[in-house]
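This is coords11.pdb (PDB, C-alpha atoms).
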MODEL        1
ATOM      1  CA  MET P1164      89.815-130.091  86.943  1.00  0.00           C
ATOM      2  CA  ILE P1165      89.006-132.880  84.483  1.00  0.00           C
ATOM      3  CA  ARG P1166      91.169-132.929  81.381  1.00  0.00           C
ATOM      4  CA  LEU P1167      90.187-135.149  78.498  1.00  0.00           C
ATOM      5  CA  ILE P1168      92.968-137.109  76.835  1.00  0.00           C
ATOM      6  CA  ASP P1169      92.917-137.042  73.045  1.00  0.00           C
ATOM      7  CA  MET P1170      92.011-140.619  72.175  1.00  0.00           C
ATOM      8  CA  PRO P1171      89.750-142.191  69.585  1.00  0.00           C
ATOM      9  CA  ARG P1172      86.110-142.569  70.560  1.00  0.00           C
ATOM     10  CA  MET P1173      85.081-146.065  71.549  1.00  0.00           C
ATOM     11  CA  THR P1174      83.336-148.267  69.009  1.00  0.00           C
ATOM     12  CA  SER P1175      81.485-149.974  71.877  1.00  0.00           C
ATOM     13  CA  LYS P1176      78.550-148.292  73.583  1.00  0.00           C
ATOM     14  CA  ILE P1177      78.515-147.828  77.346  1.00  0.00           C
ATOM     15  CA  ILE P1178      75.270-149.270  78.675  1.00  0.00           C
ATOM     16  CA  ASP P1179      75.959-149.005  82.409  1.00  0.00           C
ATOM     17  CA  ILE P1180      78.428-147.531  84.891  1.00  0.00           C
ATOM     18  CA  GLN P1181      78.060-148.268  88.605  1.00  0.00           C
ATOM     19  CA  ARG P1182      80.315-148.068  91.631  1.00  0.00           C
ATOM     20  CA  TRP P1183      82.611-151.085  91.625  1.00  0.00           C
ATOM     21  CA  ASN P1184      81.142-154.204  93.201  1.00  0.00           C
ATOM     22  CA  ALA P1185      82.531-157.690  92.492  1.00  0.00           C
ATOM     23  CA  SER P1186      79.041-159.200  92.451  1.00  0.00           C
ATOM     24  CA  LEU P1187      78.136-157.222  89.297  1.00  0.00           C
ATOM     25  CA  PHE P1188      80.584-159.212  87.155  1.00  0.00           C
ATOM     26  CA  GLN P1189      79.352-162.378  85.460  1.00  0.00           C
ATOM     27  CA  ASN P1190      82.836-163.924  85.452  1.00  0.00           C
ATOM     28  CA  PRO P1191      84.460-163.664  88.910  1.00  0.00           C
ATOM     29  CA  SER P1192      87.928-164.521  87.589  1.00  0.00           C
ATOM     30  CA  THR P1193      88.362-161.378  85.441  1.00  0.00           C
ATOM     31  CA  ASP P1194      90.657-158.504  86.392  1.00  0.00           C
ATOM     32  CA  GLY P1195      87.657-156.185  86.692  1.00  0.00           C
ATOM     33  CA  ALA P1196      85.877-158.549  89.103  1.00  0.00           C
ATOM     34  CA  ASN P1197      89.076-158.732  91.147  1.00  0.00           C
ATOM     35  CA  GLY P1198      89.268-154.969  91.613  1.00  0.00           C
ATOM     36  CA  LYS P1199      91.775-154.184  88.857  1.00  0.00           C
ATOM     37  CA  CYS P1200      91.279-151.673  86.069  1.00  0.00           C
ATOM     38  CA  SER P1201      90.670-153.455  82.794  1.00  0.00           C
ATOM     39  CA  ALA P1202      89.456-150.408  80.854  1.00  0.00           C
ATOM     40  CA  HIS P1203      92.991-149.378  79.806  1.00  0.00           C
ATOM     41  CA  GLY P1204      94.139-152.883  78.938  1.00  0.00           C
ATOM     42  CA  LYS P1205      95.861-155.461  81.077  1.00  0.00           C
ATOM     43  CA  SER P1206      99.407-154.082  81.009  1.00  0.00           C
ATOM     44  CA  SER P1207      98.853-150.338  80.848  1.00  0.00           C
ATOM     45  CA  CYS P1208      97.047-149.573  84.121  1.00  0.00           C
ATOM     46  CA  HIS P1209      97.806-150.592  87.673  1.00  0.00           C
ATOM     47  CA  ARG P1210      95.170-148.465  89.404  1.00  0.00           C
ATOM     48  CA  PRO P1211      92.345-150.126  91.335  1.00  0.00           C
ATOM     49  CA  ALA P1212      88.910-150.355  89.784  1.00  0.00           C
ATOM     50  CA  VAL P1213      86.427-147.881  91.277  1.00  0.00           C
ATOM     51  CA  ALA P1214      83.590-148.585  88.838  1.00  0.00           C
ATOM     52  CA  TYR P1215      81.879-151.394  86.962  1.00  0.00           C
ATOM     53  CA  VAL P1216      81.389-150.601  83.262  1.00  0.00           C
ATOM     54  CA  ALA P1217      79.124-152.615  80.940  1.00  0.00           C
ATOM     55  CA  LEU P1218      79.523-152.168  77.197  1.00  0.00           C
ATOM     56  CA  SER P1219      77.743-153.412  74.103  1.00  0.00           C
ATOM     57  CA  ASP P1220      79.259-153.821  70.647  1.00  0.00           C
ATOM     58  CA  ALA P1221      78.789-155.784  67.436  1.00  0.00           C
ATOM     59  CA  GLY P1222      80.766-158.756  68.779  1.00  0.00           C
ATOM     60  CA  ALA P1223      79.095-159.164  72.177  1.00  0.00           C
ATOM     61  CA  ASP P1224      75.906-158.150  73.930  1.00  0.00           C
ATOM     62  CA  ARG P1225      77.637-157.338  77.218  1.00  0.00           C
ATOM     63  CA  ILE P1226      81.310-156.708  77.917  1.00  0.00           C
ATOM     64  CA  GLN P1227      82.279-155.947  81.521  1.00  0.00           C
ATOM     65  CA  TRP P1228      85.235-153.880  82.683  1.00  0.00           C
ATOM     66  CA  GLY P1229      86.589-152.603  85.933  1.00  0.00           C
ATOM     67  CA  ALA P1230      87.503-148.939  85.486  1.00  0.00           C
ATOM     68  CA  CYS P1231      89.856-146.725  87.466  1.00  0.00           C
ATOM     69  CA  ASP P1232      89.210-143.121  88.453  1.00  0.00           C
ATOM     70  CA  GLN P1233      91.553-141.853  85.723  1.00  0.00           C
ATOM     71  CA  TRP P1234      89.686-143.676  82.936  1.00  0.00           C
ATOM     72  CA  LEU P1235      86.332-142.386  84.214  1.00  0.00           C
ATOM     73  CA  ALA P1236      87.645-138.808  84.234  1.00  0.00           C
ATOM     74  CA  THR P1237      89.480-138.853  80.896  1.00  0.00           C
ATOM     75  CA  ASN P1238      87.569-141.131  78.535  1.00  0.00           C
ATOM     76  CA  GLU P1239      85.148-138.968  76.508  1.00  0.00           C
ATOM     77  CA  ASP P1240      82.470-141.658  76.351  1.00  0.00           C
ATOM     78  CA  ALA P1241      82.625-142.262  80.102  1.00  0.00           C
ATOM     79  CA  VAL P1242      82.541-138.528  80.888  1.00  0.00           C
ATOM     80  CA  GLU P1243      79.544-138.098  78.590  1.00  0.00           C
ATOM     81  CA  TYR P1244      77.723-141.101  80.121  1.00  0.00           C
ATOM     82  CA  LEU P1245      78.394-139.906  83.696  1.00  0.00           C
ATOM     83  CA  ARG P1246      77.079-136.408  82.916  1.00  0.00           C
ATOM     84  CA  ALA P1247      73.740-138.006  82.022  1.00  0.00           C
ATOM     85  CA  HIS P1248      73.893-140.759  84.676  1.00  0.00           C
ATOM     86  CA  PRO P1249      75.939-139.622  87.696  1.00  0.00           C
ATOM     87  CA  LEU P1250      77.178-142.247  90.135  1.00  0.00           C
ATOM     88  CA  ASP P1251      75.276-142.284  93.408  1.00  0.00           C
TER
ENDMDL
END
Go ahead and render the structure in this file as structure tokens.
Amino acid sequence: MIRLIDMPRMTSKIIDIQRWNASLFQNPSTDGANGKCSAHGKSSCHRPAVAYVALSDAGADRIQWGACDQWLATNEDAVEYLRAHPLD
């Protein structure tokens, strides 16, 4: 059962979620590109990345994160995006 955690909605917009693959990241030295979850913040998650997430916001055209299974299942924006665009 998926249980959403009460957290503020993201100000960024998710533009893509794919299964994790290091080659999707523009910068190979980031935590996300190295298989670590960067969706929760550097110090708050030690789970492996299972997905590549691309975001857009007012400050940048494309932000790239590695996301763990917990973030994908509990972040409202990710759950909503995956309902419309399921992972293959």
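Residue nearest P:Cys1200, chosen from P:Val1213, P:Ala1230, P:Ala1221, P:Ile1180 and counting all atoms listed in the file: P:Ala1230.
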Could you write out as lines of an AutoDock Vina configuration file the box around stretch 1200-1203 of chain P (axis-aligned, all atoms listed in the file, 5 Å on each side), with centre and edge lengths in Å to one decimal?
center_x = 91.2
center_y = -151.4
center_z = 82.9
size_x = 13.5
size_y = 14.1
size_z = 16.3
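The two atoms in question, atom CA of P:His1203 and atom CA of P:Asp1251, are spaced 23.4 Å apart.
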Under the PyMOL selection byres ((chain P and resi 1195) around 10), which residues of this model are included? Write them out as a list in words. Trp1183, Asn1184, Ala1185, Leu1187, Phe1188, Asn1190, Pro1191, Ser1192, Thr1193, Asp1194, Ala1196, Asn1197, Gly1198, Lys1199, Cys1200, Ser1201, Ala1202, Lys1205, Pro1211, Ala1212, Val1213, Ala1214, Tyr1215, Val1216, Gln1227, Trp1228, Gly1229, Ala1230 and Cys1231 of chain P
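Atom to atom, atom CA of P:Tyr1244 and atom CA of P:Ala1223 stand 19.8 Å apart.
Closest approach to P:Ser1175 from the set P:Leu1218, P:Cys1208, P:Leu1235, P:Leu1250 is made by P:Leu1218, with distances taken over all atoms listed in the file.
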Mind giving me the straight-line distance from atom CA of P:Arg1246 to atom CA of P:Ile1226 in Å, one decimal? 21.3 Å
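Distance annotation: of P:Arg1182, P:Asp1220, P:His1209, P:Gln1233, the residue with the minimal separation from P:Pro1249 is P:Arg1182; atom set is all atoms listed in the file.
Residues in contact with P:Ala1247 at up to 12 Å, not including ones fewer than 6 positions away on its chain and judged by all atoms listed in the file, are Ile1177, Ile1178, Asp1179, Ile1180, Asp1240 and Ala1241 of chain P.
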Take the residues that were just selected and, keeping C-alpha atoms, output them as a PDB file, in the coordinates of the input.
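Generated file (again36.pdb):
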ATOM      1  CA  ILE P1177      78.515-147.828  77.346  1.00  0.00           C
ATOM      2  CA  ILE P1178      75.270-149.270  78.675  1.00  0.00           C
ATOM      3  CA  ASP P1179      75.959-149.005  82.409  1.00  0.00           C
ATOM      4  CA  ILE P1180      78.428-147.531  84.891  1.00  0.00           C
ATOM      5  CA  ASP P1240      82.470-141.658  76.351  1.00  0.00           C
ATOM      6  CA  ALA P1241      82.625-142.262  80.102  1.00  0.00           C
TER       7      ALA P1241
END
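Nearest to P:Lys1176 of all the residues P:Glu1239, P:Trp1234, P:Arg1210, P:Gln1189 is P:Glu1239, counting all atoms listed in the file.
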Generate the missing atoms of stretch 1194-1225 of chain P up to N, CA and C atoms and report them as a tab-separated table (two decimals), in the coordinates of the input.
chain	number	residue	atom	x	y	z
P	1194	ASP	N	89.97	-159.58	85.67
P	1194	ASP	CA	90.66	-158.50	86.39
P	1194	ASP	C	89.66	-157.53	86.99
P	1195	GLY	N	88.66	-157.14	86.20
P	1195	GLY	CA	87.66	-156.18	86.69
P	1195	GLY	C	86.95	-156.69	87.93
P	1196	ALA	N	86.57	-157.97	87.94
P	1196	ALA	CA	85.88	-158.55	89.10
P	1196	ALA	C	86.80	-158.64	90.32
P	1197	ASN	N	88.10	-158.65	90.06
P	1197	ASN	CA	89.08	-158.73	91.15
P	1197	ASN	C	89.63	-157.37	91.55
P	1198	GLY	N	88.92	-156.31	91.16
P	1198	GLY	CA	89.27	-154.97	91.61
P	1198	GLY	C	90.38	-154.28	90.85
P	1199	LYS	N	90.73	-154.81	89.67
P	1199	LYS	CA	91.78	-154.18	88.86
P	1199	LYS	C	91.15	-153.47	87.67
P	1200	CYS	N	91.77	-152.39	87.24
P	1200	CYS	CA	91.28	-151.67	86.07
P	1200	CYS	C	91.55	-152.51	84.82
P	1201	SER	N	90.50	-152.74	84.06
P	1201	SER	CA	90.67	-153.46	82.79
P	1201	SER	C	90.25	-152.57	81.62
P	1202	ALA	N	89.89	-151.33	81.90
P	1202	ALA	CA	89.46	-150.41	80.85
P	1202	ALA	C	90.62	-149.95	79.98
P	1203	HIS	N	91.81	-149.83	80.55
P	1203	HIS	CA	92.99	-149.38	79.81
P	1203	HIS	C	93.70	-150.53	79.09
P	1204	GLY	N	93.39	-151.73	79.43
P	1204	GLY	CA	94.14	-152.88	78.94
P	1204	GLY	C	94.97	-153.46	80.06
P	1205	LYS	N	95.23	-154.72	79.98
P	1205	LYS	CA	95.86	-155.46	81.08
P	1205	LYS	C	97.20	-154.88	81.54
P	1206	SER	N	98.06	-154.48	80.62
P	1206	SER	CA	99.41	-154.08	81.01
P	1206	SER	C	99.60	-152.58	81.19
P	1207	SER	N	98.61	-151.78	80.84
P	1207	SER	CA	98.85	-150.34	80.85
P	1207	SER	C	98.30	-149.60	82.06
P	1208	CYS	N	97.58	-150.27	82.95
P	1208	CYS	CA	97.05	-149.57	84.12
P	1208	CYS	C	97.16	-150.46	85.35
P	1209	HIS	N	97.66	-149.86	86.42
P	1209	HIS	CA	97.81	-150.59	87.67
P	1209	HIS	C	96.98	-149.95	88.79
P	1210	ARG	N	96.04	-149.10	88.42
P	1210	ARG	CA	95.17	-148.46	89.40
P	1210	ARG	C	94.04	-149.42	89.77
P	1211	PRO	N	93.48	-149.27	90.97
P	1211	PRO	CA	92.34	-150.13	91.34
P	1211	PRO	C	91.07	-149.70	90.61
P	1212	ALA	N	90.22	-150.65	90.39
P	1212	ALA	CA	88.91	-150.35	89.78
P	1212	ALA	C	88.03	-149.66	90.82
P	1213	VAL	N	87.37	-148.59	90.41
P	1213	VAL	CA	86.43	-147.88	91.28
P	1213	VAL	C	85.01	-147.96	90.71
P	1214	ALA	N	84.90	-148.51	89.49
P	1214	ALA	CA	83.59	-148.58	88.84
P	1214	ALA	C	83.48	-149.86	88.00
P	1215	TYR	N	82.25	-150.30	87.86
P	1215	TYR	CA	81.88	-151.39	86.96
P	1215	TYR	C	81.34	-150.74	85.70
P	1216	VAL	N	81.84	-151.16	84.53
P	1216	VAL	CA	81.39	-150.60	83.26
P	1216	VAL	C	80.90	-151.75	82.38
P	1217	ALA	N	79.67	-151.64	81.88
P	1217	ALA	CA	79.12	-152.62	80.94
P	1217	ALA	C	79.03	-151.96	79.58
P	1218	LEU	N	79.48	-152.67	78.56
P	1218	LEU	CA	79.52	-152.17	77.20
P	1218	LEU	C	78.79	-153.13	76.28
P	1219	SER	N	78.36	-152.60	75.15
P	1219	SER	CA	77.74	-153.41	74.10
P	1219	SER	C	78.43	-153.07	72.80
P	1220	ASP	N	78.72	-154.09	71.98
P	1220	ASP	CA	79.26	-153.82	70.65
P	1220	ASP	C	78.80	-154.91	69.69
P	1221	ALA	N	79.25	-154.84	68.47
P	1221	ALA	CA	78.79	-155.78	67.44
P	1221	ALA	C	79.20	-157.22	67.74
P	1222	GLY	N	80.28	-157.42	68.49
P	1222	GLY	CA	80.77	-158.76	68.78
P	1222	GLY	C	80.21	-159.40	70.03
P	1223	ALA	N	79.60	-158.62	70.91
P	1223	ALA	CA	79.10	-159.16	72.18
P	1223	ALA	C	77.98	-158.27	72.72
P	1224	ASP	N	77.01	-158.91	73.33
P	1224	ASP	CA	75.91	-158.15	73.93
P	1224	ASP	C	76.34	-157.39	75.18
P	1225	ARG	N	77.24	-157.97	75.96
P	1225	ARG	CA	77.64	-157.34	77.22
P	1225	ARG	C	79.10	-157.65	77.52
